[in-house]
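Visitor: Encoded as structure tokens, here's the structure I'll be asking about.
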Amino acid sequence: MDYMAALLSLISFPDIDPVLITLGPLQVRWYGIAYVAGILLGWRYARRLAGNDRLWRDGRSPMTPLDLDDFLLWATVGIVAGGRIGYILFYDFTAVAANPLRAFEIWNGGMSFHGGLLGTLVAMILFARSRGIPVFSLFDIVCAVVPIGIFFGRIANFINSELWGRLADVPWAVVFPTGGPFPRHPTQLYEAALEGLVLLAVLAVLIYKRRALAYPGLVSGCFLIGYALARILVEFYREPDAHIGYLLGGWLTMGMVLSLPMIAVGLWAVASARSRA
């Protein structure tokens, strides 16, 4: 087995400590840095979109960069609370029910993107109503910048040696310290590329070349569809959570099931965007 592992192993896992800095009892992890970087860079990009009147219908933005400054705290709470609660409900409910303190152990399982999306959705609705901002316009700005956070989050997953893929013999396969002796698909990097960089670029083209922000809900719908399709594609190469496994036929995963409604909602948002304009 060791010989086969050495033969198949084409790329060694980089020796990166998940803990960036240790200050006494405090540990600064790459995972936390990724969340901070994603939120701050997304906020900066969102301010640029809100401050560019030429991107909006009738040449007037429905919100100001200062509104985005205030929304930053709301978004952070929505992402963190929603992401953790979503992971517990979708992936780890049995373990948390047996040991409620596990809910606070973010190093056991971490966060759920779908949960973070729902948490951010609630934050956006509440904030938009409190400021008199069209809800779908705020949706569009947030969805335009979310791929930035996804990119950094997936890179952190790779550094943490978690959420790796199925066994593989492709030249870029990686032997993960927590994934057994055989090489696997680095699906964290697949997601960082597709759900992060590619989706960010596609949405930027729609915004700057097609003035998609002039049609409330168009950017949001395209984001939902793009993310869901990319996630479903990667799920065919990603190892499902051990305590959940496949839901059907050795191929259907929880990630696929949670992504399907996103396509339906995204199609509706795109189809109805012109009427909202």
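Chains: A, B, ... in order of the structure tokens. Residues: from 1 per chain. Ligands: from 1, in order shown.
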Among segment 49-141 of chain A, which residues does DSSP mark as alpha helix (DSSP H) when it is run on the backbone? Keep the chain and numbering as in the structure and answer as number ranges by chain.
Guide: A: 49-50, 65-91, 93-98, 113-131, 135-141
Visitor: Please build the interface table for segment 49-158 of chain A against segment 178-191 of chain A with a cut-off of 10 Å, listing for each qualifying residue the nearest atom pair and the distance in Å to one decimal; count only C-alpha atoms, order rows by chain and increasing number, and write it as CSV.
Guide:
residue,atom,partner,partner_atom,distance
A:Ile150,CA,A:Glu191,CA,8.1
A:Phe151,CA,A:Glu191,CA,7.5
A:Gly153,CA,A:Gln188,CA,8.9
A:Arg154,CA,A:Gln188,CA,5.1
A:Ile155,CA,A:Leu189,CA,6.6
A:Ala156,CA,A:Gln188,CA,8.6
A:Asn157,CA,A:Gln188,CA,6.3
A:Phe158,CA,A:Gln188,CA,5.6
Visitor: Restricting the output to N, CA, C and O atoms, write the selected residues as a short mmCIF file (atom, residue, chain, number, x, y, z; two decimals), in the first residue's frame.
Guide:
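Ended up saving to result_33.cif:
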data_model
loop_
_atom_site.label_atom_id
_atom_site.label_comp_id
_atom_site.auth_asym_id
_atom_site.auth_seq_id
_atom_site.Cartn_x
_atom_site.Cartn_y
_atom_site.Cartn_z
N ILE A 150 -15.83 33.54 -1.26
CA ILE A 150 -15.77 32.11 -1.57
C ILE A 150 -14.35 31.71 -1.93
O ILE A 150 -13.85 30.67 -1.48
N PHE A 151 -13.68 32.52 -2.73
CA PHE A 151 -12.32 32.20 -3.13
C PHE A 151 -11.41 32.04 -1.93
O PHE A 151 -10.71 31.02 -1.78
N GLY A 153 -12.24 31.58 1.19
CA GLY A 153 -12.70 30.50 2.06
C GLY A 153 -12.25 29.14 1.57
O GLY A 153 -11.83 28.29 2.37
N ARG A 154 -12.30 28.91 0.27
CA ARG A 154 -11.88 27.61 -0.28
C ARG A 154 -10.37 27.42 -0.19
O ARG A 154 -9.89 26.31 0.01
N ILE A 155 -9.62 28.51 -0.34
CA ILE A 155 -8.17 28.41 -0.15
C ILE A 155 -7.87 28.01 1.30
O ILE A 155 -6.99 27.18 1.57
N ALA A 156 -8.63 28.57 2.24
CA ALA A 156 -8.45 28.20 3.65
C ALA A 156 -8.82 26.74 3.88
O ALA A 156 -8.16 26.05 4.67
N ASN A 157 -9.85 26.25 3.20
CA ASN A 157 -10.20 24.83 3.30
C ASN A 157 -9.04 23.96 2.85
O ASN A 157 -8.76 22.90 3.44
N PHE A 158 -8.36 24.38 1.78
CA PHE A 158 -7.22 23.62 1.28
C PHE A 158 -6.09 23.61 2.30
O PHE A 158 -5.49 22.56 2.58
#
Visitor: Counting only C-alpha atoms, figure out which residue out of A:Val77, A:Leu41, A:Ala192, A:Ile232 gets nearest to Val145 of chain A.
Guide: A:Leu41
Visitor: Ranking A:Ala168, A:Leu163, A:Leu72, A:Ile79 by minimum distance to Leu118 of chain A and counting only C-alpha atoms, which one comes first?
Guide: A:Ile79
Visitor: I want to know what sits within 12 Å of Arg84 of chain A, based on only C-alpha atoms, with residues of the same chain fewer than 2 positions away left out; could you give that as an MDAnalysis selection string?
Guide: chainID A and resid 77:82 86:93 96 102:119
Visitor: Keeping only N, CA, C and O atoms, write the selected residues as a CSV table (one decimal), in the first residue's frame.
Guide:
chain,number,residue,atom,x,y,z
A,77,VAL,N,-22.3,39.5,10.7
A,77,VAL,CA,-23.1,38.7,11.6
A,77,VAL,C,-23.9,37.7,10.8
A,77,VAL,O,-24.0,36.5,11.2
A,78,GLY,N,-24.5,38.1,9.7
A,78,GLY,CA,-25.3,37.1,8.9
A,78,GLY,C,-24.4,36.0,8.3
A,78,GLY,O,-24.8,34.8,8.4
A,79,ILE,N,-23.2,36.3,7.8
A,79,ILE,CA,-22.3,35.3,7.3
A,79,ILE,C,-21.9,34.3,8.4
A,79,ILE,O,-22.0,33.1,8.2
A,80,VAL,N,-21.4,34.8,9.5
A,80,VAL,CA,-20.9,33.9,10.5
A,80,VAL,C,-22.0,33.1,11.2
A,80,VAL,O,-21.9,31.9,11.3
A,81,ALA,N,-23.0,33.8,11.6
A,81,ALA,CA,-24.1,33.1,12.3
A,81,ALA,C,-24.8,32.1,11.4
A,81,ALA,O,-25.1,31.0,11.7
A,82,GLY,N,-25.1,32.6,10.2
A,82,GLY,CA,-25.8,31.7,9.2
A,82,GLY,C,-25.0,30.6,8.8
A,82,GLY,O,-25.5,29.4,8.7
A,86,GLY,N,-26.2,26.9,9.7
A,86,GLY,CA,-26.4,26.1,8.6
A,86,GLY,C,-25.7,24.8,8.6
A,86,GLY,O,-26.2,23.8,8.3
A,87,TYR,N,-24.4,24.9,9.0
A,87,TYR,CA,-23.6,23.6,9.0
A,87,TYR,C,-24.2,22.7,10.1
A,87,TYR,O,-24.3,21.5,9.8
A,88,ILE,N,-24.6,23.2,11.2
A,88,ILE,CA,-25.2,22.4,12.2
A,88,ILE,C,-26.4,21.7,11.7
A,88,ILE,O,-26.6,20.5,11.9
A,89,LEU,N,-27.3,22.5,11.1
A,89,LEU,CA,-28.6,21.9,10.7
A,89,LEU,C,-28.5,21.0,9.5
A,89,LEU,O,-29.1,19.9,9.4
A,90,PHE,N,-27.6,21.3,8.5
A,90,PHE,CA,-27.5,20.5,7.3
A,90,PHE,C,-26.6,19.3,7.4
A,90,PHE,O,-26.8,18.3,6.8
A,91,TYR,N,-25.5,19.5,8.3
A,91,TYR,CA,-24.4,18.5,8.2
A,91,TYR,C,-24.1,17.8,9.6
A,91,TYR,O,-23.5,16.8,9.6
A,92,ASP,N,-24.4,18.5,10.7
A,92,ASP,CA,-23.9,18.0,12.0
A,92,ASP,C,-24.9,18.0,13.1
A,92,ASP,O,-24.6,18.1,14.3
A,93,PHE,N,-26.2,17.9,12.7
A,93,PHE,CA,-27.2,18.1,13.7
A,93,PHE,C,-27.2,17.0,14.8
A,93,PHE,O,-27.4,17.2,16.0
A,96,VAL,N,-24.4,17.6,17.3
A,96,VAL,CA,-24.6,18.7,18.2
A,96,VAL,C,-25.8,18.4,19.2
A,96,VAL,O,-25.7,18.9,20.3
A,102,ARG,N,-20.7,21.4,21.2
A,102,ARG,CA,-20.1,21.2,19.9
A,102,ARG,C,-20.5,22.3,18.9
A,102,ARG,O,-19.7,22.7,18.0
A,103,ALA,N,-21.6,23.0,19.1
A,103,ALA,CA,-22.1,24.0,18.3
A,103,ALA,C,-21.1,25.2,18.2
A,103,ALA,O,-21.0,25.9,17.2
A,104,PHE,N,-20.3,25.3,19.3
A,104,PHE,CA,-19.4,26.5,19.4
A,104,PHE,C,-18.0,26.0,19.0
A,104,PHE,O,-17.1,26.9,18.9
A,105,GLU,N,-17.8,24.8,18.6
A,105,GLU,CA,-16.5,24.3,18.2
A,105,GLU,C,-16.4,24.4,16.7
A,105,GLU,O,-16.6,23.4,15.9
A,106,ILE,N,-16.1,25.6,16.2
A,106,ILE,CA,-16.1,25.9,14.8
A,106,ILE,C,-15.0,25.1,14.0
A,106,ILE,O,-15.0,25.0,12.8
A,107,TRP,N,-14.0,24.6,14.8
A,107,TRP,CA,-13.0,23.8,14.2
A,107,TRP,C,-13.5,22.4,13.9
A,107,TRP,O,-12.8,21.6,13.2
A,108,ASN,N,-14.6,22.0,14.4
A,108,ASN,CA,-15.3,20.7,14.1
A,108,ASN,C,-16.3,20.9,13.0
A,108,ASN,O,-17.5,21.1,13.3
A,109,GLY,N,-15.9,20.9,11.8
A,109,GLY,CA,-16.9,21.0,10.7
A,109,GLY,C,-16.8,22.4,10.1
A,109,GLY,O,-16.8,22.5,8.9
A,110,GLY,N,-16.9,23.4,10.9
A,110,GLY,CA,-16.8,24.7,10.3
A,110,GLY,C,-18.1,25.3,9.9
A,110,GLY,O,-19.0,25.3,10.7
A,111,MET,N,-18.1,25.8,8.7
A,111,MET,CA,-19.2,26.7,8.2
A,111,MET,C,-19.9,26.1,6.9
A,111,MET,O,-19.2,25.3,6.2
A,112,SER,N,-21.1,26.4,6.7
A,112,SER,CA,-21.8,26.0,5.5
A,112,SER,C,-22.1,27.2,4.6
A,112,SER,O,-22.6,28.2,5.1
A,113,PHE,N,-21.7,27.1,3.3
A,113,PHE,CA,-22.0,28.2,2.4
A,113,PHE,C,-23.5,28.5,2.3
A,113,PHE,O,-23.9,29.7,2.4
A,114,HIS,N,-24.3,27.5,2.2
A,114,HIS,CA,-25.7,27.7,2.0
A,114,HIS,C,-26.3,28.4,3.3
A,114,HIS,O,-27.2,29.2,3.2
A,115,GLY,N,-25.8,28.0,4.5
A,115,GLY,CA,-26.3,28.6,5.7
A,115,GLY,C,-25.8,30.1,5.7
A,115,GLY,O,-26.6,31.0,6.1
A,116,GLY,N,-24.6,30.3,5.3
A,116,GLY,CA,-24.1,31.7,5.3
A,116,GLY,C,-24.9,32.6,4.3
A,116,GLY,O,-25.2,33.8,4.6
A,117,LEU,N,-25.3,32.0,3.2
A,117,LEU,CA,-26.1,32.7,2.2
A,117,LEU,C,-27.5,33.1,2.8
A,117,LEU,O,-27.9,34.2,2.7
A,118,LEU,N,-28.1,32.1,3.5
A,118,LEU,CA,-29.4,32.4,4.1
A,118,LEU,C,-29.3,33.5,5.2
A,118,LEU,O,-30.1,34.3,5.4
A,119,GLY,N,-28.2,33.4,6.0
A,119,GLY,CA,-28.0,34.4,7.1
A,119,GLY,C,-27.8,35.8,6.5
A,119,GLY,O,-28.3,36.8,7.0
Visitor: Skip Met256 of chain A itself and residues of its chain fewer than 5 positions away, then list as a ChimeraX atom specification all residues within 10 Å of it, counting only C-alpha atoms.
Guide: /A:228-229,231-236,247,251,261
Visitor: Neighbouring residues of Asp67 of chain A were defined as those with any atom within 9 Å, considering only C-alpha atoms; residues of the same chain fewer than 5 positions away were excluded. Please report them as a VMD selection string.
Guide: chain A and resid 47 50 72 131
Visitor: Got a sec: who's within 7 Å of Ala214 of chain A, counting only C-alpha atoms, leaving out chain neighbours fewer than 4 positions off, as a list of chain:residue names?
Guide: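 Here the answer would be A:Leu55, A:Trp56, A:Arg57, A:Ala277.
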Visitor: Write the residues of the preceding selection, restricted to N, CA, C and O atoms, as a short mmCIF file (atom, residue, chain, number, x, y, z; two decimals), in the first residue's frame.
Guide:
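Result file follows (again.cif):
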data_model
loop_
_atom_site.label_atom_id
_atom_site.label_comp_id
_atom_site.auth_asym_id
_atom_site.auth_seq_id
_atom_site.Cartn_x
_atom_site.Cartn_y
_atom_site.Cartn_z
N LEU A 55 -23.55 52.79 -13.58
CA LEU A 55 -23.91 51.37 -13.66
C LEU A 55 -25.38 51.11 -13.39
O LEU A 55 -25.88 50.01 -13.64
N TRP A 56 -26.09 52.13 -12.91
CA TRP A 56 -27.46 51.93 -12.45
C TRP A 56 -28.47 52.56 -13.41
O TRP A 56 -28.13 53.43 -14.21
N ARG A 57 -29.70 52.13 -13.28
CA ARG A 57 -30.76 52.65 -14.13
C ARG A 57 -30.98 54.14 -13.84
O ARG A 57 -30.93 54.56 -12.69
N ALA A 277 -37.35 46.34 -13.27
CA ALA A 277 -36.72 47.59 -13.72
C ALA A 277 -37.76 48.60 -14.16
O ALA A 277 -37.54 49.81 -14.06
#
Visitor: Between atom CA of Ala95 of chain A and atom CA of Gly255 of chain A, what is the distance, to one decimal in Å?
Guide: 19.0 Å
Visitor: For a test of reading the model, state the distance in Å between atom CA of Gly38 of chain A and atom CA of Pro147 of chain A, rounded to one decimal.
Guide: 8.6 Å
Visitor: Show which residues sit within 8 Å of Val270 of chain A, as a ChimeraX atom specification. Count only C-alpha atoms, and ignore same-chain residues fewer than 4 positions away.
Guide: /A:217-222,266
Visitor: Please dump the current selection as a PDB file, in the first residue's frame; keep N, CA and C atoms.
Guide:
ATOM      1  N   GLY A 217     -32.150  42.254  -9.621  1.00  0.00           N
ATOM      2  CA  GLY A 217     -32.325  40.811  -9.522  1.00  0.00           C
ATOM      3  C   GLY A 217     -31.562  40.035 -10.572  1.00  0.00           C
ATOM      4  N   LEU A 218     -31.091  40.704 -11.616  1.00  0.00           N
ATOM      5  CA  LEU A 218     -30.378  39.994 -12.684  1.00  0.00           C
ATOM      6  C   LEU A 218     -29.034  39.452 -12.196  1.00  0.00           C
ATOM      7  N   VAL A 219     -28.266  40.295 -11.516  1.00  0.00           N
ATOM      8  CA  VAL A 219     -26.969  39.837 -11.000  1.00  0.00           C
ATOM      9  C   VAL A 219     -27.175  38.753  -9.943  1.00  0.00           C
ATOM     10  N   SER A 220     -28.158  38.940  -9.071  1.00  0.00           N
ATOM     11  CA  SER A 220     -28.442  37.945  -8.039  1.00  0.00           C
ATOM     12  C   SER A 220     -28.800  36.603  -8.659  1.00  0.00           C
ATOM     13  N   GLY A 221     -29.674  36.643  -9.661  1.00  0.00           N
ATOM     14  CA  GLY A 221     -30.083  35.397 -10.307  1.00  0.00           C
ATOM     15  C   GLY A 221     -28.929  34.695 -10.986  1.00  0.00           C
ATOM     16  N   CYS A 222     -28.090  35.471 -11.696  1.00  0.00           N
ATOM     17  CA  CYS A 222     -26.938  34.868 -12.368  1.00  0.00           C
ATOM     18  C   CYS A 222     -25.954  34.282 -11.363  1.00  0.00           C
ATOM     19  N   GLY A 266     -32.783  31.330  -8.951  1.00  0.00           N
ATOM     20  CA  GLY A 266     -31.996  32.148  -9.853  1.00  0.00           C
ATOM     21  C   GLY A 266     -32.679  32.361 -11.195  1.00  0.00           C
TER      22      GLY A 266
END
Visitor: With distances taken over only C-alpha atoms, which of A:Ala269, A:Ala230, A:Ile225, A:Leu248 is nearest to Ser137 of chain A?
Guide: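 Result for the nearest residue to Ser137 of chain A: A:Ala269.
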Visitor: Considering only C-alpha atoms, can you say which of A:Ala97, A:Ala173, A:Ile263, A:Leu199 comes closest to Cys143 of chain A?
Guide: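 For Cys143 of chain A, the nearest of the given residues is A:Leu199.
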Visitor: Using the chain letters and numbers from this document, which residues of segment 10-187 of chain A does DSSP assign to strand (DSSP E), as an MDAnalysis selection string?
Guide: chainID A and resid 11:12 19:23 26:29 174:175
